[in-house]
Number of protein chains: 2
Amino acid sequence: MKVNILKPVLVSNQERAKENRKFFDRANSLVLNIIGSPGSGKTSVIENIVKRLKCKYKILVIEGDIKGSIDSERLSRLKIDTIQINTQTECHLDAFMIAQALPKIEKQYDLILIENVGNLVCPAEFEIGEDYKVAILSTPEGDDKPIKYPLLFHLAKVVVINKIDLLQHLNFKIKKARKNILDKNPKVLIFEVSAKNGKGFDKLVDFIEKELTKKK
Amino acid sequence: MKVNILKPVLVSNQERAKENRKFFDRANSLVLNIIGSPGSGKTSVIENIVKRLKCKYKILVIEGDIKGSIDSERLSRLKIDTIQINTQTECHLDAFMIAQALPKIEKQYDLILIENVGNLVCPAEFEIGEDYKVAILSTPEGDDKPIKYPLLFHLAKVVVINKIDLLQHLNFKIKKARKNILDKNPKVLIFEVSAKNGKGFDKLVDFIEKELTKKK
């Protein structure tokens, strides 16, 4: 007689994430899990990165949304491959959802950008096979968000502070935000950008290119 | 022999929400469940409402946060009662968390404002015993959010479009946002406000006062 031992969801998610990781490793793909609030500018940040790297590297974007395909349609205008995942009622991507997308990845990609569902909480709790998490924090959200949503900022390797073009109209203090982020995660890399006017993206893209070179 | 039939979480949450509702009904309290993204301005909207109504009505604010008590400390400066709920790893308030706070409610309050965890997804799925949900959408998030996070906008009785002071610096179109909200929910009431400069709060507060009068 067979005994089934059910494991907690997070453990089996982690195991599935490791399998996803093996798949990406076989293709030497750099995989970024991009997490931020609704409207923090995840898609716009991806657009800026893609525009600067698409001539030199093969890029795939995987879009996680509860419903619809607004963002993947928007990104496909940049003439790159996209895969849309609709999570239905789930507020985050998990490793099993990514696993379902893997059979659709028929080419080798240098860079795979995964846009998670807009949410600062749950997406941080689920590994999906990424190299690392990139947290997007937009200035209108306030400089206290790293204190109120600590896990993401603790786990991210990179934090992108977006919408710096709005700074003069807001009470957001960059210095305070940096302190709040570094308190959670002293080793994190912080980039300040405006996805609207492109400011700050050269440094971020330089960093990503260095990471891409390591994969070669 | 006793047979235990376990019910799905959401069913028992709903039952607990009904019990919470009975508690609030006995005190004739109007209870609003305030939901929005991190940084959409939930606390600032509450501050504006409290300032305009606190001389006339007894108000309690229940603050839901993953960690910390930044917002309830901020609100207690307005000299009103607050209760802080820390959800730890949970990305939303549920009816059981509110039930745990009920024994701490020792007075009669006319208005109970519950600030949910910053998140557009899961908080919408859990009734907590509220009269209705108030969705906060801030202009920097983009006018497409009602399409991408439809459940909240479908369920809310009131949508507050916040940060209208920033409109001139953004691509956010009020007309498009209104259409996207009304497509999900034709009966919804939409208020446009700036929690920064107080614009638009007279209409919103008038509406809340009418609702308070109905409870008498």
# chains A, B, ... in the order shown; residues from 1 in each chain; ligands from 1
>>> interface_residues(of="chain A", to="chain B", cutoff="8 Å", atoms="only C-alpha atoms", output="VMD selection string")
chain A and resid 37 to 41 65 to 68 91 119 to 122 140 to 142 145 147 to 149 166 169
>>> residues_around(residues="B:Ile128", least_positions_apart="5", cutoff="10 Å", atoms="only C-alpha atoms", output="VMD selection string")
chain B and resid 13 to 21 31 to 33 93 to 99 114 123 133
>>> write_last_selection(atoms="N, CA and C atoms", output="compact mmCIF listing (two decimals), in the first residue's frame")
# COMPACT_ATOMS: atom_id res chain seq x y z
N ASN B 13 -14.61 31.88 6.90
CA ASN B 13 -14.31 33.31 7.02
C ASN B 13 -15.59 34.13 6.89
N GLN B 14 -16.42 33.72 5.93
CA GLN B 14 -17.68 34.44 5.71
C GLN B 14 -18.59 34.35 6.95
N GLU B 15 -18.61 33.16 7.54
CA GLU B 15 -19.44 32.98 8.75
C GLU B 15 -18.92 33.85 9.89
N ARG B 16 -17.61 33.88 10.02
CA ARG B 16 -17.01 34.72 11.07
C ARG B 16 -17.30 36.19 10.78
N ALA B 17 -17.27 36.57 9.49
CA ALA B 17 -17.57 37.96 9.11
C ALA B 17 -18.99 38.33 9.52
N LYS B 18 -19.93 37.37 9.38
CA LYS B 18 -21.31 37.63 9.79
C LYS B 18 -21.42 37.88 11.30
N GLU B 19 -20.63 37.13 12.07
CA GLU B 19 -20.61 37.33 13.53
C GLU B 19 -20.04 38.72 13.85
N ASN B 20 -18.97 39.09 13.16
CA ASN B 20 -18.41 40.44 13.36
C ASN B 20 -19.47 41.50 13.06
N ARG B 21 -20.20 41.26 11.96
CA ARG B 21 -21.24 42.19 11.52
C ARG B 21 -22.29 42.38 12.62
N VAL B 31 -19.06 50.61 9.27
CA VAL B 31 -17.71 50.03 9.19
C VAL B 31 -17.24 50.00 7.73
N LEU B 32 -16.16 50.71 7.46
CA LEU B 32 -15.62 50.75 6.10
C LEU B 32 -14.31 49.97 6.02
N ASN B 33 -14.20 49.11 5.02
CA ASN B 33 -13.00 48.30 4.77
C ASN B 33 -12.22 48.98 3.65
N LEU B 93 -6.27 41.34 5.73
CA LEU B 93 -7.01 41.07 6.97
C LEU B 93 -8.09 40.03 6.67
N ASP B 94 -8.35 39.15 7.63
CA ASP B 94 -9.51 38.28 7.48
C ASP B 94 -10.44 38.46 8.68
N ALA B 95 -11.60 37.80 8.62
CA ALA B 95 -12.63 38.02 9.64
C ALA B 95 -12.17 37.56 11.02
N PHE B 96 -11.28 36.56 11.07
CA PHE B 96 -10.81 36.06 12.35
C PHE B 96 -9.88 37.07 13.04
N MET B 97 -9.08 37.75 12.25
CA MET B 97 -8.20 38.78 12.82
C MET B 97 -9.04 39.90 13.43
N ILE B 98 -10.10 40.30 12.70
CA ILE B 98 -10.98 41.35 13.22
C ILE B 98 -11.68 40.84 14.49
N ALA B 99 -12.07 39.57 14.48
CA ALA B 99 -12.75 38.99 15.65
C ALA B 99 -11.84 39.09 16.89
N ILE B 114 -11.43 50.68 8.82
CA ILE B 114 -10.45 49.60 8.88
C ILE B 114 -9.51 49.73 7.69
N PRO B 123 -6.97 41.24 -0.17
CA PRO B 123 -7.93 41.86 0.76
C PRO B 123 -9.35 41.84 0.20
N LYS B 133 -16.79 47.95 1.09
CA LYS B 133 -15.38 48.17 0.76
C LYS B 133 -15.21 49.53 0.08
>>> closest_residue(among="B:Ile112, B:Ile136, B:Ala195, B:Ile174", to="B:Leu60", atoms="only C-alpha atoms")
B:Ile112
>>> residues_around(residues="stretch 212-216 of chain A", least_positions_apart="6", cutoff="12 Å", atoms="only C-alpha atoms", output="ChimeraX atom specification")
/A:24-32,53,56-59,109-112,131,205-206
>>> write_last_selection(atoms="N, CA, C and O atoms", output="PDB file, in the first residue's frame")
ATOM      1  N   PHE A  24      16.745  26.741 -16.658  1.00  0.00           N
ATOM      2  CA  PHE A  24      17.354  28.021 -17.069  1.00  0.00           C
ATOM      3  C   PHE A  24      18.874  27.909 -17.148  1.00  0.00           C
ATOM      4  O   PHE A  24      19.508  28.507 -18.013  1.00  0.00           O
ATOM      5  N   ASP A  25      19.467  27.109 -16.241  1.00  0.00           N
ATOM      6  CA  ASP A  25      20.925  26.942 -16.238  1.00  0.00           C
ATOM      7  C   ASP A  25      21.413  26.250 -17.505  1.00  0.00           C
ATOM      8  O   ASP A  25      22.469  26.589 -18.033  1.00  0.00           O
ATOM      9  N   ARG A  26      20.638  25.274 -17.970  1.00  0.00           N
ATOM     10  CA  ARG A  26      21.048  24.561 -19.192  1.00  0.00           C
ATOM     11  C   ARG A  26      21.156  25.529 -20.367  1.00  0.00           C
ATOM     12  O   ARG A  26      21.927  25.326 -21.282  1.00  0.00           O
ATOM     13  N   ALA A  27      20.368  26.606 -20.337  1.00  0.00           N
ATOM     14  CA  ALA A  27      20.398  27.595 -21.426  1.00  0.00           C
ATOM     15  C   ALA A  27      21.259  28.813 -21.075  1.00  0.00           C
ATOM     16  O   ALA A  27      21.308  29.773 -21.846  1.00  0.00           O
ATOM     17  N   ASN A  28      21.941  28.779 -19.934  1.00  0.00           N
ATOM     18  CA  ASN A  28      22.725  29.930 -19.463  1.00  0.00           C
ATOM     19  C   ASN A  28      21.913  31.231 -19.443  1.00  0.00           C
ATOM     20  O   ASN A  28      22.416  32.292 -19.808  1.00  0.00           O
ATOM     21  N   SER A  29      20.667  31.125 -19.056  1.00  0.00           N
ATOM     22  CA  SER A  29      19.816  32.324 -19.026  1.00  0.00           C
ATOM     23  C   SER A  29      19.939  33.037 -17.680  1.00  0.00           C
ATOM     24  O   SER A  29      19.944  32.393 -16.630  1.00  0.00           O
ATOM     25  N   LEU A  30      20.015  34.356 -17.743  1.00  0.00           N
ATOM     26  CA  LEU A  30      19.904  35.184 -16.535  1.00  0.00           C
ATOM     27  C   LEU A  30      18.416  35.478 -16.333  1.00  0.00           C
ATOM     28  O   LEU A  30      17.753  36.004 -17.234  1.00  0.00           O
ATOM     29  N   VAL A  31      17.899  35.119 -15.155  1.00  0.00           N
ATOM     30  CA  VAL A  31      16.451  35.227 -14.925  1.00  0.00           C
ATOM     31  C   VAL A  31      16.170  36.166 -13.753  1.00  0.00           C
ATOM     32  O   VAL A  31      16.600  35.922 -12.625  1.00  0.00           O
ATOM     33  N   LEU A  32      15.477  37.256 -14.038  1.00  0.00           N
ATOM     34  CA  LEU A  32      15.166  38.230 -12.987  1.00  0.00           C
ATOM     35  C   LEU A  32      13.671  38.178 -12.647  1.00  0.00           C
ATOM     36  O   LEU A  32      12.816  38.200 -13.538  1.00  0.00           O
ATOM     37  N   LEU A  53      18.878  46.652 -24.584  1.00  0.00           N
ATOM     38  CA  LEU A  53      19.643  45.395 -24.683  1.00  0.00           C
ATOM     39  C   LEU A  53      19.201  44.486 -25.822  1.00  0.00           C
ATOM     40  O   LEU A  53      19.887  43.505 -26.128  1.00  0.00           O
ATOM     41  N   LYS A  56      21.537  43.274 -28.737  1.00  0.00           N
ATOM     42  CA  LYS A  56      22.747  42.525 -28.388  1.00  0.00           C
ATOM     43  C   LYS A  56      22.420  41.170 -27.760  1.00  0.00           C
ATOM     44  O   LYS A  56      23.251  40.260 -27.793  1.00  0.00           O
ATOM     45  N   TYR A  57      21.251  41.050 -27.154  1.00  0.00           N
ATOM     46  CA  TYR A  57      20.916  39.823 -26.413  1.00  0.00           C
ATOM     47  C   TYR A  57      19.533  39.315 -26.790  1.00  0.00           C
ATOM     48  O   TYR A  57      18.657  40.108 -27.164  1.00  0.00           O
ATOM     49  N   LYS A  58      19.358  37.997 -26.645  1.00  0.00           N
ATOM     50  CA  LYS A  58      18.031  37.414 -26.874  1.00  0.00           C
ATOM     51  C   LYS A  58      17.229  37.493 -25.570  1.00  0.00           C
ATOM     52  O   LYS A  58      17.668  36.973 -24.542  1.00  0.00           O
ATOM     53  N   ILE A  59      16.109  38.160 -25.646  1.00  0.00           N
ATOM     54  CA  ILE A  59      15.338  38.464 -24.421  1.00  0.00           C
ATOM     55  C   ILE A  59      13.928  37.868 -24.513  1.00  0.00           C
ATOM     56  O   ILE A  59      13.257  37.965 -25.543  1.00  0.00           O
ATOM     57  N   TYR A 109      17.422  31.873 -24.578  1.00  0.00           N
ATOM     58  CA  TYR A 109      17.377  33.310 -24.277  1.00  0.00           C
ATOM     59  C   TYR A 109      18.514  33.660 -23.311  1.00  0.00           C
ATOM     60  O   TYR A 109      18.762  32.916 -22.356  1.00  0.00           O
ATOM     61  N   ASP A 110      19.167  34.794 -23.558  1.00  0.00           N
ATOM     62  CA  ASP A 110      20.219  35.255 -22.642  1.00  0.00           C
ATOM     63  C   ASP A 110      19.604  35.829 -21.370  1.00  0.00           C
ATOM     64  O   ASP A 110      20.116  35.645 -20.280  1.00  0.00           O
ATOM     65  N   LEU A 111      18.503  36.532 -21.565  1.00  0.00           N
ATOM     66  CA  LEU A 111      17.888  37.261 -20.446  1.00  0.00           C
ATOM     67  C   LEU A 111      16.390  36.970 -20.411  1.00  0.00           C
ATOM     68  O   LEU A 111      15.697  37.120 -21.418  1.00  0.00           O
ATOM     69  N   ILE A 112      15.920  36.522 -19.263  1.00  0.00           N
ATOM     70  CA  ILE A 112      14.477  36.296 -19.085  1.00  0.00           C
ATOM     71  C   ILE A 112      13.994  37.191 -17.954  1.00  0.00           C
ATOM     72  O   ILE A 112      14.444  37.073 -16.804  1.00  0.00           O
ATOM     73  N   ASP A 131      17.392  33.957 -10.883  1.00  0.00           N
ATOM     74  CA  ASP A 131      18.723  34.251 -10.337  1.00  0.00           C
ATOM     75  C   ASP A 131      18.575  35.134  -9.101  1.00  0.00           C
ATOM     76  O   ASP A 131      19.201  34.896  -8.088  1.00  0.00           O
ATOM     77  N   VAL A 205      21.501  49.140 -16.569  1.00  0.00           N
ATOM     78  CA  VAL A 205      21.734  48.254 -17.719  1.00  0.00           C
ATOM     79  C   VAL A 205      23.193  47.781 -17.735  1.00  0.00           C
ATOM     80  O   VAL A 205      23.471  46.620 -18.063  1.00  0.00           O
ATOM     81  N   ASP A 206      24.131  48.651 -17.355  1.00  0.00           N
ATOM     82  CA  ASP A 206      25.540  48.229 -17.218  1.00  0.00           C
ATOM     83  C   ASP A 206      25.660  47.064 -16.253  1.00  0.00           C
ATOM     84  O   ASP A 206      26.364  46.080 -16.515  1.00  0.00           O
TER      85      ASP A 206
END
>>> atom_distance(atom1="atom CA of A:Ala135", atom2="atom CA of A:Leu75")
19.6 Å
>>> select_by_dssp(residues="stretch 68-154 of chain B", states="helix (DSSP H, G or I)", output="count of residues only")
33
>>> atom_distance(atom1="atom CA of A:Tyr132", atom2="atom CA of A:Ile190")
14.0 Å
>>> select_by_dssp(residues="stretch 41-187 of chain A", states="strand (DSSP E or B)", output="ChimeraX atom specification")
/A:59-65,81-86,111-115,132-138,158-162
>>> closest_residue(among="B:Thr87, B:Asn162, B:Thr43, B:Ser72", to="B:Asn197", atoms="only C-alpha atoms")
B:Asn162
>>> residues_around(residues="B:Ile62", least_positions_apart="4", cutoff="6 Å", atoms="only C-alpha atoms", output="PyMOL selection string")
chain B and resi 82-84+114
>>> write_last_selection(atoms="all heavy atoms", output="short mmCIF file (atom, residue, chain, number, x, y, z; two decimals), in the first residue's frame")
data_model
loop_
_atom_site.label_atom_id
_atom_site.label_comp_id
_atom_site.auth_asym_id
_atom_site.auth_seq_id
_atom_site.Cartn_x
_atom_site.Cartn_y
_atom_site.Cartn_z
N THR B 82 -7.22 53.92 18.24
CA THR B 82 -6.76 53.04 17.16
C THR B 82 -6.45 51.66 17.73
O THR B 82 -6.08 51.53 18.89
CB THR B 82 -5.47 53.57 16.48
OG1 THR B 82 -4.43 53.60 17.46
CG2 THR B 82 -5.64 54.95 15.91
N ILE B 83 -6.61 50.67 16.89
CA ILE B 83 -6.19 49.31 17.23
C ILE B 83 -5.29 48.83 16.10
O ILE B 83 -5.65 48.96 14.93
CB ILE B 83 -7.41 48.35 17.35
CG1 ILE B 83 -8.28 48.74 18.56
CG2 ILE B 83 -6.95 46.90 17.47
CD1 ILE B 83 -9.59 47.96 18.65
N GLN B 84 -4.12 48.32 16.44
CA GLN B 84 -3.19 47.83 15.43
C GLN B 84 -3.28 46.31 15.34
O GLN B 84 -3.20 45.62 16.35
CB GLN B 84 -1.76 48.22 15.80
CG GLN B 84 -0.68 47.72 14.86
CD GLN B 84 -0.64 48.48 13.54
OE1 GLN B 84 -0.62 49.71 13.53
NE2 GLN B 84 -0.65 47.76 12.43
N ILE B 114 -11.43 50.68 8.82
CA ILE B 114 -10.45 49.60 8.88
C ILE B 114 -9.51 49.73 7.69
O ILE B 114 -9.93 49.62 6.54
CB ILE B 114 -11.13 48.22 8.86
CG1 ILE B 114 -12.13 48.12 10.03
CG2 ILE B 114 -10.09 47.10 8.95
CD1 ILE B 114 -12.89 46.80 10.09
#
>>> closest_residue(among="A:Lys157, A:Val11, A:Glu209, A:Phe23", to="A:Gln108", atoms="only C-alpha atoms")
A:Phe23
>>> decode(residues="stretch 156-168 of chain A", atoms="all heavy atoms", output="CSV table (one decimal), in the first residue's frame")
chain,number,residue,atom,x,y,z
A,156,ALA,N,15.6,41.0,-1.9
A,156,ALA,CA,16.0,41.4,-3.2
A,156,ALA,C,17.5,41.7,-3.3
A,156,ALA,O,18.1,42.1,-2.3
A,156,ALA,CB,15.3,42.7,-3.5
A,157,LYS,N,18.1,41.4,-4.5
A,157,LYS,CA,19.5,41.7,-4.7
A,157,LYS,C,19.6,43.1,-5.2
A,157,LYS,O,20.6,43.8,-5.0
A,157,LYS,CB,20.1,40.7,-5.7
A,157,LYS,CG,21.6,41.0,-6.0
A,157,LYS,CD,22.2,39.8,-6.8
A,157,LYS,CE,23.6,40.2,-7.3
A,157,LYS,NZ,24.2,39.0,-8.0
A,158,VAL,N,18.6,43.5,-5.9
A,158,VAL,CA,18.6,44.9,-6.5
A,158,VAL,C,17.3,45.6,-6.2
A,158,VAL,O,16.2,45.0,-6.3
A,158,VAL,CB,18.7,44.7,-8.1
A,158,VAL,CG1,18.4,46.1,-8.8
A,158,VAL,CG2,20.0,44.2,-8.5
A,159,VAL,N,17.4,46.8,-5.8
A,159,VAL,CA,16.1,47.7,-5.7
A,159,VAL,C,16.2,48.8,-6.7
A,159,VAL,O,17.2,49.5,-6.7
A,159,VAL,CB,16.0,48.2,-4.2
A,159,VAL,CG1,14.8,49.2,-4.2
A,159,VAL,CG2,15.8,47.1,-3.2
A,160,VAL,N,15.2,49.0,-7.4
A,160,VAL,CA,15.1,50.1,-8.4
A,160,VAL,C,14.1,51.1,-7.8
A,160,VAL,O,12.9,50.8,-7.7
A,160,VAL,CB,14.6,49.6,-9.8
A,160,VAL,CG1,14.5,50.7,-10.8
A,160,VAL,CG2,15.6,48.5,-10.3
A,161,ILE,N,14.6,52.3,-7.5
A,161,ILE,CA,13.7,53.4,-7.1
A,161,ILE,C,13.2,54.1,-8.4
A,161,ILE,O,14.1,54.7,-9.1
A,161,ILE,CB,14.4,54.4,-6.2
A,161,ILE,CG1,14.9,53.6,-4.9
A,161,ILE,CG2,13.4,55.5,-5.8
A,161,ILE,CD1,15.6,54.5,-3.9
A,162,ASN,N,12.0,53.9,-8.8
A,162,ASN,CA,11.5,54.5,-10.0
A,162,ASN,C,10.7,55.8,-9.8
A,162,ASN,O,10.3,56.1,-8.7
A,162,ASN,CB,10.6,53.4,-10.7
A,162,ASN,CG,10.1,53.8,-12.1
A,162,ASN,OD1,10.8,54.5,-12.8
A,162,ASN,ND2,9.0,53.3,-12.5
A,163,LYS,N,10.4,56.5,-10.9
A,163,LYS,CA,9.7,57.7,-10.9
A,163,LYS,C,10.4,58.9,-10.2
A,163,LYS,O,9.8,59.6,-9.4
A,163,LYS,CB,8.2,57.5,-10.3
A,163,LYS,CG,7.5,56.4,-11.0
A,163,LYS,CD,6.0,56.4,-10.8
A,163,LYS,CE,5.3,55.2,-11.3
A,163,LYS,NZ,3.9,55.1,-11.1
A,164,ILE,N,11.7,58.9,-10.3
A,164,ILE,CA,12.4,60.0,-9.7
A,164,ILE,C,12.1,61.4,-10.3
A,164,ILE,O,12.4,62.4,-9.7
A,164,ILE,CB,14.0,59.8,-9.6
A,164,ILE,CG1,14.5,59.5,-11.0
A,164,ILE,CG2,14.4,58.6,-8.7
A,164,ILE,CD1,16.1,59.6,-11.1
A,165,ASP,N,11.5,61.3,-11.5
A,165,ASP,CA,11.1,62.6,-12.2
A,165,ASP,C,10.0,63.3,-11.3
A,165,ASP,O,9.8,64.5,-11.5
A,165,ASP,CB,10.6,62.3,-13.6
A,165,ASP,CG,9.5,61.2,-13.6
A,165,ASP,OD1,9.8,60.0,-13.4
A,165,ASP,OD2,8.3,61.5,-13.9
A,166,LEU,N,9.3,62.5,-10.4
A,166,LEU,CA,8.2,63.1,-9.6
A,166,LEU,C,8.7,63.7,-8.3
A,166,LEU,O,7.9,64.2,-7.5
A,166,LEU,CB,7.1,62.1,-9.4
A,166,LEU,CG,6.3,61.7,-10.6
A,166,LEU,CD1,5.4,60.6,-10.3
A,166,LEU,CD2,5.5,62.9,-11.2
A,167,LEU,N,10.0,63.5,-8.0
A,167,LEU,CA,10.5,63.8,-6.6
A,167,LEU,C,10.1,65.2,-6.1
A,167,LEU,O,9.8,65.4,-5.0
A,167,LEU,CB,12.0,63.6,-6.6
A,167,LEU,CG,12.5,62.2,-6.3
A,167,LEU,CD1,14.0,62.2,-6.4
A,167,LEU,CD2,12.1,61.7,-4.9
A,168,GLN,N,10.2,66.2,-7.0
A,168,GLN,CA,10.0,67.5,-6.6
A,168,GLN,C,8.5,67.8,-6.2
A,168,GLN,O,8.3,68.8,-5.5
A,168,GLN,CB,10.4,68.5,-7.7
A,168,GLN,CG,9.7,68.2,-9.0
A,168,GLN,CD,10.1,69.1,-10.2
A,168,GLN,OE1,10.1,70.3,-10.0
A,168,GLN,NE2,10.5,68.5,-11.3
